[in-house]
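Note: the block below is upload.cif and it holds mmCIF, C-alpha atoms.
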```cif
data_structure
loop_
_atom_site.label_atom_id
_atom_site.label_comp_id
_atom_site.auth_asym_id
_atom_site.auth_seq_id
_atom_site.Cartn_x
_atom_site.Cartn_y
_atom_site.Cartn_z
CA MET K 165 0.00 0.00 0.00
CA LYS K 166 2.88 2.37 0.80
CA ARG K 167 4.28 1.85 -2.73
CA HIS K 168 0.88 2.71 -4.22
CA ASP K 169 0.74 5.94 -2.20
CA THR K 170 4.27 6.86 -3.26
CA LEU K 171 3.46 6.27 -6.92
CA ARG K 172 0.31 8.36 -6.62
CA THR K 173 2.28 11.20 -5.02
CA LEU K 174 4.92 11.03 -7.74
CA SER K 175 2.19 11.04 -10.37
CA TRP K 176 0.71 14.14 -8.81
CA ALA K 177 4.10 15.87 -8.61
CA THR K 178 4.88 15.05 -12.23
CA THR K 179 1.48 16.34 -13.26
CA ALA K 180 1.97 19.59 -11.39
CA ALA K 181 5.40 20.09 -12.95
CA SER K 182 4.20 19.26 -16.46
CA VAL K 183 1.59 21.98 -16.43
CA GLY K 184 3.87 24.60 -14.92
CA HIS K 185 2.06 24.69 -11.61
CA SER K 186 4.61 25.32 -8.92
CA LEU K 187 3.64 24.66 -5.36
CA ASP K 188 5.21 26.12 -2.31
CA PRO K 189 6.51 23.48 0.11
CA ASP K 190 3.52 23.90 2.44
CA GLU K 191 1.05 23.32 -0.40
CA HIS K 192 3.01 20.30 -1.59
CA ALA K 193 2.99 18.81 1.92
CA ARG K 194 -0.75 19.50 2.31
CA VAL K 195 -1.69 17.83 -0.99
CA ALA K 196 0.66 14.90 -0.29
CA ALA K 197 -1.10 14.44 3.05
CA VAL K 198 -4.44 14.26 1.25
CA LEU K 199 -3.04 11.69 -1.17
CA SER K 200 -1.86 9.48 1.66
CA ASN K 201 -5.17 9.91 3.51
CA PRO K 202 -8.02 10.53 1.02
CA GLY K 203 -10.41 11.15 3.91
CA ARG K 204 -8.71 14.54 4.30
CA VAL K 205 -10.05 15.83 0.97
CA ASP K 206 -10.87 19.51 1.25
CA ALA K 207 -12.01 22.33 -1.02
CA GLN K 208 -8.42 23.40 -1.63
CA THR K 209 -7.49 19.97 -2.97
CA ILE K 210 -10.45 20.00 -5.34
CA GLU K 211 -9.54 23.51 -6.49
CA HIS K 212 -5.98 22.34 -7.12
CA ILE K 213 -7.16 19.54 -9.42
CA LYS K 214 -9.53 21.95 -11.14
CA ALA K 215 -6.67 24.44 -11.69
CA VAL K 216 -4.44 21.77 -13.22
CA LEU K 217 -7.27 20.77 -15.58
CA TRP K 218 -7.79 24.42 -16.55
CA ARG K 219 -4.09 24.72 -17.38
CA CYS K 220 -4.34 21.57 -19.48
CA GLU K 221 -7.14 23.13 -21.52
CA ARG K 222 -4.93 26.15 -22.17
CA GLN K 223 -1.92 24.00 -23.03
CA ASP K 224 -3.91 21.89 -25.50
CA ASP K 225 -3.77 24.89 -27.82
CA THR K 226 0.02 25.03 -27.53
CA LEU K 227 1.11 21.43 -27.05
CA GLY K 228 -1.73 19.60 -28.77
CA PRO K 229 -3.86 16.79 -27.39
CA GLN K 230 -1.05 14.25 -27.00
CA GLY K 231 0.94 16.75 -24.95
CA VAL K 232 -1.70 17.07 -22.25
CA LEU K 233 -3.71 13.83 -22.34
CA ASP K 234 -1.51 12.00 -19.82
CA THR K 235 -1.79 14.91 -17.39
CA VAL K 236 -5.57 15.02 -17.74
CA LEU K 237 -5.78 11.27 -17.18
CA ALA K 238 -3.52 11.53 -14.12
CA GLN K 239 -5.82 14.20 -12.64
CA ARG K 240 -8.85 12.07 -13.53
CA ASN K 241 -7.32 9.08 -11.74
CA LEU K 242 -6.42 11.24 -8.75
CA ALA K 243 -9.95 12.66 -8.46
CA ARG K 244 -11.49 9.19 -8.86
CA ALA K 245 -9.25 7.83 -6.09
CA LEU K 246 -10.46 10.59 -3.76
CA VAL K 247 -14.20 10.11 -4.34
CA PRO K 248 -14.85 7.14 -2.01
CA GLU K 249 -13.66 8.96 1.10
CA CYS K 250 -14.68 12.48 0.11
CA PRO K 251 -16.76 14.30 2.74
CA ALA K 252 -20.45 14.48 1.79
CA ASP K 253 -20.47 18.28 1.62
CA LEU K 254 -17.73 18.23 -1.07
CA ARG K 255 -18.83 15.15 -2.99
CA GLN K 256 -20.81 16.91 -5.74
CA ARG K 257 -17.98 19.35 -6.29
CA LEU K 258 -15.39 16.57 -6.60
CA LEU K 259 -17.70 14.59 -8.90
CA SER K 260 -18.03 17.68 -11.11
CA VAL K 261 -14.25 18.02 -11.33
CA LEU K 262 -13.96 14.31 -12.11
CA SER K 263 -16.64 14.69 -14.78
CA ASP K 264 -14.76 17.62 -16.28
CA ALA K 265 -11.55 15.56 -16.36
CA SER K 266 -13.40 12.80 -18.23
CA ARG K 267 -14.91 15.41 -20.58
CA GLN K 268 -11.44 16.76 -21.34
CA ALA K 269 -10.11 13.23 -21.88
CA GLY K 270 -13.02 12.69 -24.29
CA TRP K 271 -12.23 15.85 -26.23
CA LEU K 272 -8.51 15.09 -26.39
CA SER K 273 -9.22 11.53 -27.54
CA PHE K 274 -11.61 12.87 -30.17
CA ASP K 275 -8.93 15.30 -31.34
CA LEU K 276 -6.53 12.35 -31.64
CA HIS K 277 -9.16 10.50 -33.72
CA ASP K 278 -9.50 7.83 -31.02
CA PHE K 279 -13.27 7.80 -31.18
CA THR K 280 -13.68 4.66 -29.08
CA SER K 281 -11.86 6.25 -26.14
CA ALA K 282 -13.64 9.55 -26.71
CA GLU K 283 -17.00 7.80 -26.49
CA TYR K 284 -15.94 6.03 -23.29
CA TYR K 285 -14.73 9.22 -21.58
CA TYR K 286 -17.73 11.27 -22.70
CA GLU K 287 -20.14 8.66 -21.35
CA ASP K 288 -18.22 8.61 -18.07
CA ALA K 289 -18.36 12.42 -17.95
CA ARG K 290 -22.10 12.44 -18.62
CA THR K 291 -22.78 9.88 -15.89
CA LEU K 292 -20.63 11.77 -13.38
CA ALA K 293 -22.20 15.14 -14.23
CA HIS K 294 -25.61 13.56 -13.64
CA GLU K 295 -24.45 12.08 -10.32
CA ALA K 296 -23.06 15.49 -9.34
CA GLU K 297 -26.38 17.11 -10.32
CA ASN K 298 -24.39 19.51 -12.49
CA ILE K 299 -26.87 20.32 -15.26
CA GLU K 300 -24.62 22.79 -17.08
CA LEU K 301 -21.70 20.38 -17.26
CA GLY K 302 -24.07 17.62 -18.38
CA ALA K 303 -25.25 19.83 -21.25
CA ILE K 304 -21.65 20.60 -22.27
CA VAL K 305 -20.79 16.90 -22.27
CA LEU K 306 -23.87 16.09 -24.35
CA CYS K 307 -22.75 18.71 -26.89
CA GLY K 308 -19.37 16.97 -27.13
CA MET K 309 -21.13 13.62 -27.51
CA SER K 310 -23.27 15.10 -30.29
CA HIS K 311 -20.18 16.38 -32.09
CA LEU K 312 -18.50 12.99 -31.77
CA ALA K 313 -21.55 11.11 -33.06
CA THR K 314 -21.74 13.44 -36.05
CA TRP K 315 -18.08 12.74 -36.88
CA GLN K 316 -18.79 9.02 -36.58
CA ARG K 317 -21.54 9.39 -39.18
CA LYS K 318 -24.27 8.73 -36.62
CA PRO K 319 -26.45 11.79 -37.26
CA ARG K 320 -29.50 10.53 -35.37
CA THR K 321 -27.43 9.86 -32.27
CA GLY K 322 -25.85 13.29 -32.68
CA ILE K 323 -29.29 14.90 -32.89
CA ALA K 324 -30.49 12.97 -29.83
CA HIS K 325 -27.51 14.20 -27.80
CA ALA K 326 -28.03 17.78 -29.02
CA VAL K 327 -31.73 17.68 -28.10
CA ALA K 328 -30.87 16.27 -24.68
CA ALA K 329 -28.34 19.09 -24.19
CA GLY K 330 -31.07 21.60 -25.07
CA VAL K 331 -33.43 20.03 -22.55
CA CYS K 332 -30.72 20.30 -19.89
CA CYS K 333 -30.35 24.00 -20.62
CA LYS K 334 -34.07 24.57 -20.10
CA ALA K 335 -34.12 22.68 -16.80
#
```

Can you dump the structure from the file as structure tokens?
Amino acid sequence: MKRHDTLRTLSWATTAASVGHSLDPDEHARVAAVLSNPGRVDAQTIEHIKAVLWRCERQDDTLGPQGVLDTVLAQRNLARALVPECPADLRQRLLSVLSDASRQAGWLSFDLHDFTSAEYYYEDARTLAHEAENIELGAIVLCGMSHLATWQRKPRTGIAHAVAAGVCCKA
């Protein structure tokens, strides 16, 4: 178990470095403590993951999808590992961040023409957005799913996703 925790911490540190996010030693120690004890998840940890994902979106324009996909997947795995022991008052927020990580993984996979992976990540993102009761994120994911279906020459599925996104927006 100790090896698993060490690998997770190293993954987090590599992710932070790869997106140019420097942490002061206190922040690094605080996040490492959360990684070794997921029950200590707090709003600051969730905001950190969210900030790394935001930087990945910006770096996609510069580095391309392959340059940021591993970082997005590392953040997705980190968020998923924290969900089981996340305090109830932060659960929806963490699920939304996890959903957004899956949405980004879907977009990056789509951009790499890996439509099978894109479909998988988008479906995961949609399910998580629903679980988080995040209607806006659910609508955004459905738009991505519609775009993907259109590219896969599945126009009826694309229309169904677009209509569902429109229904979400009216809710």

Between atom CA of Thr314 of chain K and atom CA of Glu300 of chain K, what distance in Å does the model show, to one decimal? 21.3 Å

Non-local contacts of Val305 of chain K (10 Å; all atoms listed in the file; under 6 positions in same chain excluded) as JSON, numbers by chain: {"K": [263, 264, 266, 267, 268, 270, 271, 285, 286, 287, 288, 289, 290, 291, 293, 299, 311, 325, 326, 329]}

Any chance you could work out the residue set of the PyMOL selection byres ((chain K and resi 221) around 12) here, as JSON, numbers by chain? {"K": [183, 214, 215, 216, 217, 218, 219, 220, 222, 223, 224, 225, 226, 227, 228, 229, 231, 232, 233, 235, 236, 264, 265, 267, 268, 269, 271, 272]}

Using only C-alpha atoms, which residues of segment 263-330 of chain K come within 8 Å of segment 244-257 of chain K, and what is the closest atom pair for each, with the distance in Å to one decimal? Give it as CSV, sorted by chain and residue number.
```
residue,atom,partner,partner_atom,distance
K:Glu295,CA,K:Gln256,CA,7.6
K:Ala296,CA,K:Gln256,CA,4.5
K:Glu297,CA,K:Gln256,CA,7.2
```

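Going from atom CA of Ser310 of chain K over to atom CA of Asp278 of chain K, you cover 15.6 Å.
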
Find, counting all atoms listed in the file, the residue in K:Cys307, K:Val327, K:Val261, K:Arg320 that gets nearest to Thr209 of chain K. K:Val261

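With atom CA of Leu259 of chain K on one side and atom CA of Arg204 of chain K on the other, the separation reads 16.0 Å.
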
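In this comparison, which uses all atoms listed in the file, the residue of K:Leu312, K:Ala324, K:Ala243, K:Leu306 approaching Asp206 of chain K most closely is K:Ala243.
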
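Nearest to Glu211 of chain K of all the residues K:Asn241, K:Thr280, K:Ser260, K:Gln230 is K:Ser260, counting all atoms listed in the file.
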
With N, CA and C atoms as the goal, would you fill in the gaps in segment 302-326 of chain K and present it as a short mmCIF file (atom, residue, chain, number, x, y, z; two decimals), in the coordinates of the input?
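Ended up saving to result23.cif:
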```
data_model
loop_
_atom_site.label_atom_id
_atom_site.label_comp_id
_atom_site.auth_asym_id
_atom_site.auth_seq_id
_atom_site.Cartn_x
_atom_site.Cartn_y
_atom_site.Cartn_z
N GLY K 302 -23.41 18.68 -17.63
CA GLY K 302 -24.07 17.62 -18.38
C GLY K 302 -24.42 18.07 -19.79
N ALA K 303 -24.90 19.30 -19.92
CA ALA K 303 -25.25 19.83 -21.25
C ALA K 303 -24.00 19.98 -22.11
N ILE K 304 -22.91 20.45 -21.52
CA ILE K 304 -21.65 20.60 -22.27
C ILE K 304 -21.15 19.24 -22.76
N VAL K 305 -21.22 18.25 -21.90
CA VAL K 305 -20.79 16.90 -22.27
C VAL K 305 -21.66 16.37 -23.40
N LEU K 306 -22.97 16.56 -23.30
CA LEU K 306 -23.87 16.09 -24.35
C LEU K 306 -23.57 16.77 -25.69
N CYS K 307 -23.15 18.03 -25.66
CA CYS K 307 -22.75 18.71 -26.89
C CYS K 307 -21.52 18.03 -27.50
N GLY K 308 -20.56 17.69 -26.65
CA GLY K 308 -19.37 16.97 -27.13
C GLY K 308 -19.75 15.61 -27.70
N MET K 309 -20.68 14.93 -27.03
CA MET K 309 -21.13 13.62 -27.51
C MET K 309 -21.84 13.76 -28.85
N SER K 310 -22.59 14.85 -29.03
CA SER K 310 -23.27 15.10 -30.29
C SER K 310 -22.25 15.33 -31.41
N HIS K 311 -21.24 16.11 -31.11
CA HIS K 311 -20.18 16.38 -32.09
C HIS K 311 -19.49 15.08 -32.49
N LEU K 312 -19.16 14.27 -31.50
CA LEU K 312 -18.50 12.99 -31.77
C LEU K 312 -19.38 12.09 -32.63
N ALA K 313 -20.64 11.97 -32.29
CA ALA K 313 -21.55 11.11 -33.06
C ALA K 313 -21.65 11.59 -34.50
N THR K 314 -21.67 12.89 -34.69
CA THR K 314 -21.74 13.44 -36.05
C THR K 314 -20.50 13.04 -36.84
N TRP K 315 -19.33 13.13 -36.23
CA TRP K 315 -18.08 12.74 -36.88
C TRP K 315 -18.04 11.25 -37.17
N GLN K 316 -18.74 10.47 -36.37
CA GLN K 316 -18.79 9.02 -36.58
C GLN K 316 -19.87 8.63 -37.57
N ARG K 317 -20.47 9.61 -38.20
CA ARG K 317 -21.54 9.39 -39.18
C ARG K 317 -22.75 8.71 -38.54
N LYS K 318 -23.07 9.19 -37.34
CA LYS K 318 -24.27 8.73 -36.62
C LYS K 318 -25.14 9.96 -36.35
N PRO K 319 -25.73 10.52 -37.41
CA PRO K 319 -26.45 11.79 -37.26
C PRO K 319 -27.63 11.72 -36.30
N ARG K 320 -28.35 10.63 -36.28
CA ARG K 320 -29.50 10.53 -35.37
C ARG K 320 -29.06 10.53 -33.92
N THR K 321 -27.96 9.84 -33.63
CA THR K 321 -27.43 9.86 -32.27
C THR K 321 -26.95 11.26 -31.92
N GLY K 322 -26.31 11.91 -32.89
CA GLY K 322 -25.85 13.29 -32.68
C GLY K 322 -27.01 14.23 -32.38
N ILE K 323 -28.10 14.08 -33.12
CA ILE K 323 -29.29 14.90 -32.89
C ILE K 323 -29.88 14.61 -31.51
N ALA K 324 -29.93 13.34 -31.14
CA ALA K 324 -30.49 12.97 -29.83
C ALA K 324 -29.68 13.61 -28.70
N HIS K 325 -28.36 13.57 -28.83
CA HIS K 325 -27.51 14.20 -27.80
C HIS K 325 -27.71 15.72 -27.77
N ALA K 326 -27.82 16.32 -28.95
CA ALA K 326 -28.03 17.78 -29.02
C ALA K 326 -29.37 18.17 -28.39
#
```
